[in-house]
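Worksheet: the structure to be examined is printed underneath.
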Amino acid sequence: MTPIHEEKPETGAAKRKRLFIKINRENLPQVKDKYPFLYLEYGRLEIDDSSVKWIDCDKNVIRLPIATINTLLLGPGTTITHEAVKVMTAANCSVCWVGEDSLLFYATGQSPTADSRNFRKQMTIAADKKKAVEVARRMFARRFPNDDLHGKNLKEMMGMEGYRVNKLYEKMAQKYNVGWKGRSYRPGKFEFSDITNQVLTSANAALYGILTSAIYSMGYSPHIGFIHSGSPLPFVYDMADLYKETLCIDLAFSLTLEMAGGYNKYLASDTFRSRVIEMDLLAKVGKDIQDMLGES
């Protein structure tokens, strides 16, 4: 991020004439029109004249156009004021707390939406076993366009998916001439994994952050899934699997040799961001959710 000049505090009459333009649902850009995310670390988010500003560790001040950002990923060394959270909520910009280097996804602040219509639809479908399996089948059909999944139960389709992903890892390893011993990640011991697994972990976590914010913003729940269960964000993991092949798996193998044995969080983050923008992920996710739930 390129620092902008340091802002000087306003005094006198200028300070008394603070202008607050309320952001509402009518003048907010939709999720699909927003920038996917910004990652920030070692600095402070606060308010100045009703706009959110970022003050980094070198005291550079940058005003953030939060109404056009889907989510802020806050890394280590960051603080945020109550007023900043208030203004960001009004602008429907979500906040996620993530870890250093790996961008491990820790938590998200839930933003209120206009109503619970989409959540009720999601719950109604999930409560109907037959409809829930149909949603899962549509999700798997994206990965198996040439297979007939009619009549297959969830366990059978999950078995097919596990085999497909393992073969995909092997295919990518051959494509990019990278050694591969399998998917490996131990919580809290990110550095013990090889470079490919480190990039996979960080890209997955960043993807979860973006999707969690988008799902909340559209009034759905990340906690009501159709394939994954017993995990913190099953619907996020369900949707993430639609995009991981390009955004995460191909990315990880393609960067492994370039990193030359040392994980480079900036290269991983910048390349991931470029792929998200190129894919136009936020424009896809809303329609994809509707397609998966059978609403379109």
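In the structure tokens, chains take letters A, B, ... by order of appearance, with residues numbered from 1 within each chain and ligands from 1 in the order shown.
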
Practice item. Identify all residues of stretch 68-225 of chain A in alpha helix (DSSP H) (DSSP on the backbone) and supply them as a PyMOL selection string. Key: chain A and resi 82-90+117-127+129-143+154-175+195-217

Stretch 190-206 of chain A surroundings by only C-alpha atoms, 6 Å radius, close-in-sequence under 3 positions cut, as a PDB file with C-alpha atoms, in the first residue's frame:
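Output file result.pdb is given in full below:
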ATOM      1  CA  SER A 102      -0.392 -17.119   6.907  1.00  0.00           C
ATOM      2  CA  LEU A 103      -3.387 -14.772   7.095  1.00  0.00           C
ATOM      3  CA  LEU A 104      -4.999 -17.352   9.370  1.00  0.00           C
ATOM      4  CA  PHE A 105      -8.673 -16.529   9.728  1.00  0.00           C
ATOM      5  CA  GLY A 209     -12.562 -13.992   4.994  1.00  0.00           C
ATOM      6  CA  CYS A 248      -5.849 -21.329  -4.056  1.00  0.00           C
ATOM      7  CA  ALA A 252       0.041 -22.370  -4.390  1.00  0.00           C
ATOM      8  CA  PHE A 253       1.792 -24.671  -6.843  1.00  0.00           C
ATOM      9  CA  THR A 256       6.268 -22.543  -4.925  1.00  0.00           C
ATOM     10  CA  TYR A 263       7.438 -18.117   2.213  1.00  0.00           C
TER      11      TYR A 263
END

Check your understanding: What lies within 12 Å of A:Glu161 using only C-alpha atoms, ignoring chain neighbours under 3 positions off, as number ranges by chain?
Key -> A: 136-137, 139-144, 147, 149, 154-158, 164-168, 227, 241-242

Check your understanding: Hey, what's within 10 Å of stretch 68-78 of chain A if we count only C-alpha atoms and toss same-chain stuff fewer than 4 positions away? As a PyMOL selection string, please?
Key -> chain A and resi 28-45+54-57+64+88+91-108+206+209-214+217+282

**Study point:** Shell of 10 Å around A:Leu233, only C-alpha atoms, local chain residues under 5 positions omitted, as a PyMOL selection string
**Key:** chain A and resi 208+212+221-225+228+238
